[in-house]
Structure formats: C-alpha cells, structure tokens
Amino acid sequence: MKRFDSIAHVYDSQIPDHIRSYLARRKTGFMLKRMEIKGIKPSGLDLGCGTGWHIKSLAQQGFEMIGLDSSKEQIAKAKENNQDNNSNLLVGDSLNCPFADNQFDFVYSINMMHHLKTEEDQFRMWAEIDRVLKPNGYFFLHEINTLNPLFKFYMDHIFPVFNRIDDGTEEWIEPNKLVNIGNLCLVSIDYFTFLPNFTPKICFGALKLVERILEGTGLKKFSAHYMATFQKHNRSGSVRKPD
C-alpha cells in the first residue's frame, strides 16, 4: 500500500511507546492464553505485520514467526525492530499468500483486515488464512470494537487528530456479526482495553486498574478492542461469508 509506504518513517510515533508496548503485551497474551501450547513452540504468521512489534514479542519467546506486509517500507522498519530474533519478514499480498497449504500452527491479523477496501477482498483473505493454517490451527482476528458507543465519533473525529494510520475509508468488522467461515470455526471473542491511545503516561498506571475492573463486568463488550478466536476444522458444505 503506497499510503503505508509514505508513513512508515512516522508509523511507530503515531502511538505513544507506553501504549504500544502495553497493547502488544495484552494482544499477544490473549493469543497465548487461547492456544494449547505443548512441547515445541508453534509457528505463526502475522498478516499485515506493519513495523513488527507483535512479531518481536512472540519471537523473543521462542516462536518461529513470519511476518507479511504489502508495504516494503513497513517491512524495512520491521526488520530494524527485529534484528535480535530469527523472525522472517516478507513483502507480500495477504490475498495471495506465498506459503504452502497447512503451513502454520497459528495466524493472526491485528487491526489490518479493516484496511481491505471491499468485503470481497476480506473474504479472499479469510480463504487464504483457511488454506495456510494447519488442521486444528488457530486464527486470531484483532480489530477495533464497533460495539463501543463512542466508536464512530472517536475514529472519525478524535483518532485522526493524533495519527495518520486510518483514512476514513475502512471496512469495519462487527464482532456481533462474525460467523464460522469455511473451515474456520468461531471459538470465542475477548473484549479488552478502554483507555484511549492518547492517555498520558503519568496517569496510565492508575487508569489501567480502572480498565481491568471494567473488563470484569458486563461493560467489557463496549471495550476499545476485541480478539475473535477461530480454530480450523474440516467442514463439509459451502463457504459462508460474514453477515
């Protein structure tokens, strides 16, 4: 994507360091919690890996990681951020992945799928994920939670003031409309985080306690982010698109 090439040099600065580190820990933590890890660490694919911070977190824990992104400048930054591990970072198309069938134990995309401009493109990405995942492998979809009542106002008016990541043409994925897709069976949806990206570091620690309290109540469905967990099982019948 040319737009992501153009902002690669400032991409990491769009989110404050303390927020980015916190979200990376939480998102990778949710994925590890959902996977049944026994013995050898599984191999993973980050689709739309950007500048590679989530890959860095997992690779440092011993996972065999590959990152794919269509932006060559983003991949260049990801390689700079991952010089201390053995991750493999590639320029490529998530709609036509350069990988074998049944290659990965888990795949994830983090705030990436909504950048695909049409539902048809999103559906093609689902099909590629299905193809490259091993049987019983996991796909983790991380997205912005559209159930949050402040979502539209925040993304249309506040978020653009602080960063250049989203441009207002996103195809958002509603968590309450997710379904089984092909061989990818929906297992669970985790809702988490309430703090905005501009939360000052000086009060971040105290507000995290408030966030955790909210996540333990029925209000968690109105959080800022969600992670949908899918597991690949062989299923008969036609592939069904998300509603």
# chains A, B, ... in the order shown; residues from 1 in each chain; ligands from 1
call {"tool": "residues_around", "arguments": {"residues": "segment 221-237 of chain A", "least_positions_apart": "4", "cutoff": "8 Å", "atoms": "only C-alpha atoms", "output": "PyMOL selection string"}}
result
chain A and resi 27+30+34+130+133-145+147-149+151+175+180+182-196+215
call {"tool": "write_last_selection", "arguments": {"atoms": "N, CA, C and O atoms", "output": "compact mmCIF listing (two decimals), in the first residue's frame"}}
result
# COMPACT_ATOMS: atom_id res chain seq x y z
N LYS A 27 -2.28 -8.12 23.64
CA LYS A 27 -2.76 -8.86 22.48
C LYS A 27 -2.04 -10.19 22.30
O LYS A 27 -2.68 -11.21 22.03
N PHE A 30 -3.32 -12.58 25.06
CA PHE A 30 -4.61 -13.22 24.77
C PHE A 30 -4.43 -14.38 23.81
O PHE A 30 -5.07 -15.42 23.95
N ARG A 34 -5.21 -18.50 24.54
CA ARG A 34 -6.18 -19.28 23.77
C ARG A 34 -5.58 -20.50 23.09
O ARG A 34 -6.28 -21.45 22.77
N ASP A 130 -7.55 -19.77 5.87
CA ASP A 130 -8.03 -21.15 5.92
C ASP A 130 -7.03 -22.08 5.23
O ASP A 130 -6.68 -23.16 5.75
N LEU A 133 -3.42 -22.42 7.20
CA LEU A 133 -3.47 -22.95 8.56
C LEU A 133 -3.45 -24.47 8.57
O LEU A 133 -4.10 -25.12 7.75
N LYS A 134 -2.73 -25.05 9.52
CA LYS A 134 -2.79 -26.49 9.73
C LYS A 134 -4.15 -26.87 10.32
O LYS A 134 -4.81 -26.05 10.97
N PRO A 135 -4.60 -28.12 10.13
CA PRO A 135 -5.81 -28.57 10.82
C PRO A 135 -5.67 -28.36 12.33
O PRO A 135 -4.61 -28.61 12.91
N ASN A 136 -6.71 -27.87 12.95
CA ASN A 136 -6.76 -27.52 14.38
C ASN A 136 -5.95 -26.27 14.73
O ASN A 136 -5.84 -25.91 15.89
N GLY A 137 -5.38 -25.61 13.71
CA GLY A 137 -4.66 -24.37 13.96
C GLY A 137 -5.62 -23.23 14.29
O GLY A 137 -6.83 -23.32 14.08
N TYR A 138 -5.05 -22.14 14.79
CA TYR A 138 -5.85 -21.01 15.26
C TYR A 138 -5.65 -19.77 14.38
O TYR A 138 -4.54 -19.49 13.92
N PHE A 139 -6.74 -19.05 14.17
CA PHE A 139 -6.66 -17.71 13.59
C PHE A 139 -7.20 -16.73 14.61
O PHE A 139 -8.28 -16.90 15.16
N PHE A 140 -6.42 -15.66 14.87
CA PHE A 140 -6.81 -14.63 15.82
C PHE A 140 -7.04 -13.33 15.06
O PHE A 140 -6.13 -12.77 14.46
N LEU A 141 -8.28 -12.87 15.08
CA LEU A 141 -8.65 -11.61 14.43
C LEU A 141 -8.73 -10.51 15.49
O LEU A 141 -9.61 -10.54 16.36
N HIS A 142 -7.82 -9.56 15.42
CA HIS A 142 -7.84 -8.40 16.32
C HIS A 142 -8.38 -7.21 15.56
O HIS A 142 -7.87 -6.86 14.49
N GLU A 143 -9.41 -6.58 16.12
CA GLU A 143 -9.99 -5.42 15.45
C GLU A 143 -10.50 -4.40 16.47
O GLU A 143 -10.58 -4.68 17.66
N ILE A 144 -10.82 -3.21 15.95
CA ILE A 144 -11.46 -2.18 16.76
C ILE A 144 -12.90 -2.61 17.03
O ILE A 144 -13.58 -3.12 16.14
N ASN A 145 -13.36 -2.39 18.24
CA ASN A 145 -14.70 -2.84 18.64
C ASN A 145 -15.76 -1.83 18.23
O ASN A 145 -15.90 -0.76 18.84
N LEU A 147 -18.84 -2.08 18.66
CA LEU A 147 -19.95 -2.04 19.62
C LEU A 147 -19.78 -0.91 20.63
O LEU A 147 -20.73 -0.55 21.33
N ASN A 148 -18.58 -0.36 20.71
CA ASN A 148 -18.33 0.76 21.61
C ASN A 148 -19.16 1.96 21.14
O ASN A 148 -19.06 2.37 19.99
N PRO A 149 -20.02 2.52 22.02
CA PRO A 149 -20.92 3.61 21.58
C PRO A 149 -20.18 4.86 21.13
O PRO A 149 -20.75 5.68 20.40
N PHE A 151 -17.39 4.65 19.37
CA PHE A 151 -16.51 4.21 18.29
C PHE A 151 -16.48 5.17 17.11
O PHE A 151 -15.43 5.65 16.70
N PRO A 175 -18.04 -7.36 15.58
CA PRO A 175 -17.84 -8.64 16.27
C PRO A 175 -19.12 -9.45 16.43
O PRO A 175 -19.09 -10.68 16.42
N ASN A 180 -18.90 -18.74 11.61
CA ASN A 180 -17.96 -19.70 11.06
C ASN A 180 -17.77 -19.42 9.57
O ASN A 180 -18.73 -19.13 8.85
N GLY A 182 -15.93 -21.03 6.21
CA GLY A 182 -15.21 -22.17 5.67
C GLY A 182 -14.90 -23.16 6.77
O GLY A 182 -15.78 -23.61 7.50
N ASN A 183 -13.63 -23.50 6.91
CA ASN A 183 -13.20 -24.42 7.96
C ASN A 183 -12.85 -23.70 9.26
O ASN A 183 -12.44 -24.35 10.23
N LEU A 184 -12.99 -22.38 9.27
CA LEU A 184 -12.63 -21.58 10.45
C LEU A 184 -13.85 -21.44 11.35
O LEU A 184 -14.82 -20.75 11.01
N CYS A 185 -13.79 -22.10 12.49
CA CYS A 185 -14.92 -22.13 13.42
C CYS A 185 -14.70 -21.14 14.55
O CYS A 185 -13.67 -21.19 15.23
N LEU A 186 -15.66 -20.27 14.76
CA LEU A 186 -15.56 -19.26 15.81
C LEU A 186 -15.61 -19.93 17.17
O LEU A 186 -16.56 -20.64 17.51
N VAL A 187 -14.57 -19.70 17.97
CA VAL A 187 -14.46 -20.31 19.30
C VAL A 187 -14.87 -19.34 20.39
O VAL A 187 -15.62 -19.69 21.31
N SER A 188 -14.37 -18.11 20.31
CA SER A 188 -14.63 -17.15 21.39
C SER A 188 -14.32 -15.74 20.91
O SER A 188 -13.64 -15.55 19.89
N ILE A 189 -14.82 -14.76 21.66
CA ILE A 189 -14.48 -13.36 21.42
C ILE A 189 -14.09 -12.74 22.76
O ILE A 189 -14.85 -12.82 23.73
N ASP A 190 -12.91 -12.18 22.83
CA ASP A 190 -12.42 -11.49 24.02
C ASP A 190 -12.50 -9.99 23.77
O ASP A 190 -12.00 -9.49 22.76
N TYR A 191 -13.11 -9.28 24.71
CA TYR A 191 -13.20 -7.83 24.64
C TYR A 191 -12.26 -7.23 25.69
O TYR A 191 -12.26 -7.66 26.85
N PHE A 192 -11.46 -6.23 25.28
CA PHE A 192 -10.48 -5.70 26.22
C PHE A 192 -10.05 -4.28 25.84
O PHE A 192 -10.19 -3.87 24.70
N THR A 193 -9.53 -3.59 26.82
CA THR A 193 -8.99 -2.22 26.80
C THR A 193 -10.09 -1.16 26.65
O THR A 193 -11.00 -1.29 25.84
N PHE A 194 -9.94 -0.13 27.46
CA PHE A 194 -10.83 1.03 27.40
C PHE A 194 -10.07 2.34 27.25
O PHE A 194 -10.65 3.35 26.88
N LEU A 195 -8.78 2.34 27.54
CA LEU A 195 -8.03 3.58 27.56
C LEU A 195 -7.71 4.06 26.15
O LEU A 195 -7.25 3.28 25.32
N PRO A 196 -7.94 5.34 25.84
CA PRO A 196 -7.60 5.86 24.52
C PRO A 196 -6.10 5.94 24.32
O PRO A 196 -5.33 5.97 25.28
N GLU A 215 -13.28 -4.49 32.58
CA GLU A 215 -13.19 -5.73 31.80
C GLU A 215 -13.77 -6.91 32.54
O GLU A 215 -14.08 -7.94 31.92
call {"tool": "residues_around", "arguments": {"residues": "Val132 of chain A", "least_positions_apart": "5", "cutoff": "6 Å", "atoms": "only C-alpha atoms", "output": "list in words"}}
result
Asp101, Asn102 and Gln103 of chain A
call {"tool": "select_by_dssp", "arguments": {"residues": "segment 6-110 of chain A", "states": "helix (DSSP H, G or I)", "output": "ChimeraX atom specification"}}
result
/A:6-7,12-14,17-34,53-59,72-81
call {"tool": "closest_residue", "arguments": {"among": "A:Phe63, A:Trp53, A:Phe104, A:Phe123", "to": "Lys79 of chain A", "atoms": "only C-alpha atoms"}}
result
A:Trp53
call {"tool": "select_by_dssp", "arguments": {"residues": "segment 85-117 of chain A", "states": "strand (DSSP E)", "output": "PDB file with N, CA and C atoms, in the first residue's frame"}}
result
ATOM      1  N   ASN A  88      11.156 -14.001  10.194  1.00  0.00           N
ATOM      2  CA  ASN A  88      11.310 -13.824   8.748  1.00  0.00           C
ATOM      3  C   ASN A  88      10.256 -12.830   8.280  1.00  0.00           C
ATOM      4  N   LEU A  89      10.675 -11.707   7.712  1.00  0.00           N
ATOM      5  CA  LEU A  89       9.768 -10.626   7.349  1.00  0.00           C
ATOM      6  C   LEU A  89       9.777 -10.426   5.841  1.00  0.00           C
ATOM      7  N   LEU A  90       8.581 -10.509   5.237  1.00  0.00           N
ATOM      8  CA  LEU A  90       8.467 -10.547   3.779  1.00  0.00           C
ATOM      9  C   LEU A  90       7.467  -9.517   3.270  1.00  0.00           C
ATOM     10  N   VAL A  91       7.753  -8.974   2.093  1.00  0.00           N
ATOM     11  CA  VAL A  91       6.781  -8.148   1.374  1.00  0.00           C
ATOM     12  C   VAL A  91       5.891  -9.090   0.567  1.00  0.00           C
ATOM     13  N   PHE A 104       1.013 -23.247   8.832  1.00  0.00           N
ATOM     14  CA  PHE A 104       1.184 -22.565  10.110  1.00  0.00           C
ATOM     15  C   PHE A 104       0.284 -23.139  11.217  1.00  0.00           C
ATOM     16  N   ASP A 105       0.826 -23.107  12.436  1.00  0.00           N
ATOM     17  CA  ASP A 105       0.034 -23.511  13.602  1.00  0.00           C
ATOM     18  C   ASP A 105      -0.947 -22.422  14.012  1.00  0.00           C
ATOM     19  N   PHE A 106      -0.567 -21.162  13.786  1.00  0.00           N
ATOM     20  CA  PHE A 106      -1.492 -20.067  14.067  1.00  0.00           C
ATOM     21  C   PHE A 106      -1.200 -18.887  13.150  1.00  0.00           C
ATOM     22  N   VAL A 107      -2.250 -18.137  12.875  1.00  0.00           N
ATOM     23  CA  VAL A 107      -2.181 -16.931  12.052  1.00  0.00           C
ATOM     24  C   VAL A 107      -2.926 -15.840  12.802  1.00  0.00           C
ATOM     25  N   TYR A 108      -2.476 -14.618  12.677  1.00  0.00           N
ATOM     26  CA  TYR A 108      -3.238 -13.513  13.259  1.00  0.00           C
ATOM     27  C   TYR A 108      -3.119 -12.273  12.390  1.00  0.00           C
ATOM     28  N   SER A 109      -4.109 -11.408  12.496  1.00  0.00           N
ATOM     29  CA  SER A 109      -4.041 -10.079  11.893  1.00  0.00           C
ATOM     30  C   SER A 109      -4.504  -9.083  12.950  1.00  0.00           C
ATOM     31  N   ILE A 110      -3.755  -8.010  13.097  1.00  0.00           N
ATOM     32  CA  ILE A 110      -4.028  -7.022  14.145  1.00  0.00           C
ATOM     33  C   ILE A 110      -4.357  -5.679  13.502  1.00  0.00           C
TER      34      ILE A 110
END
call {"tool": "residues_around", "arguments": {"residues": "segment 126-128 of chain A", "least_positions_apart": "4", "cutoff": "8 Å", "atoms": "only C-alpha atoms", "output": "PyMOL selection string"}}
result
chain A and resi 94-97+122+132+181-182
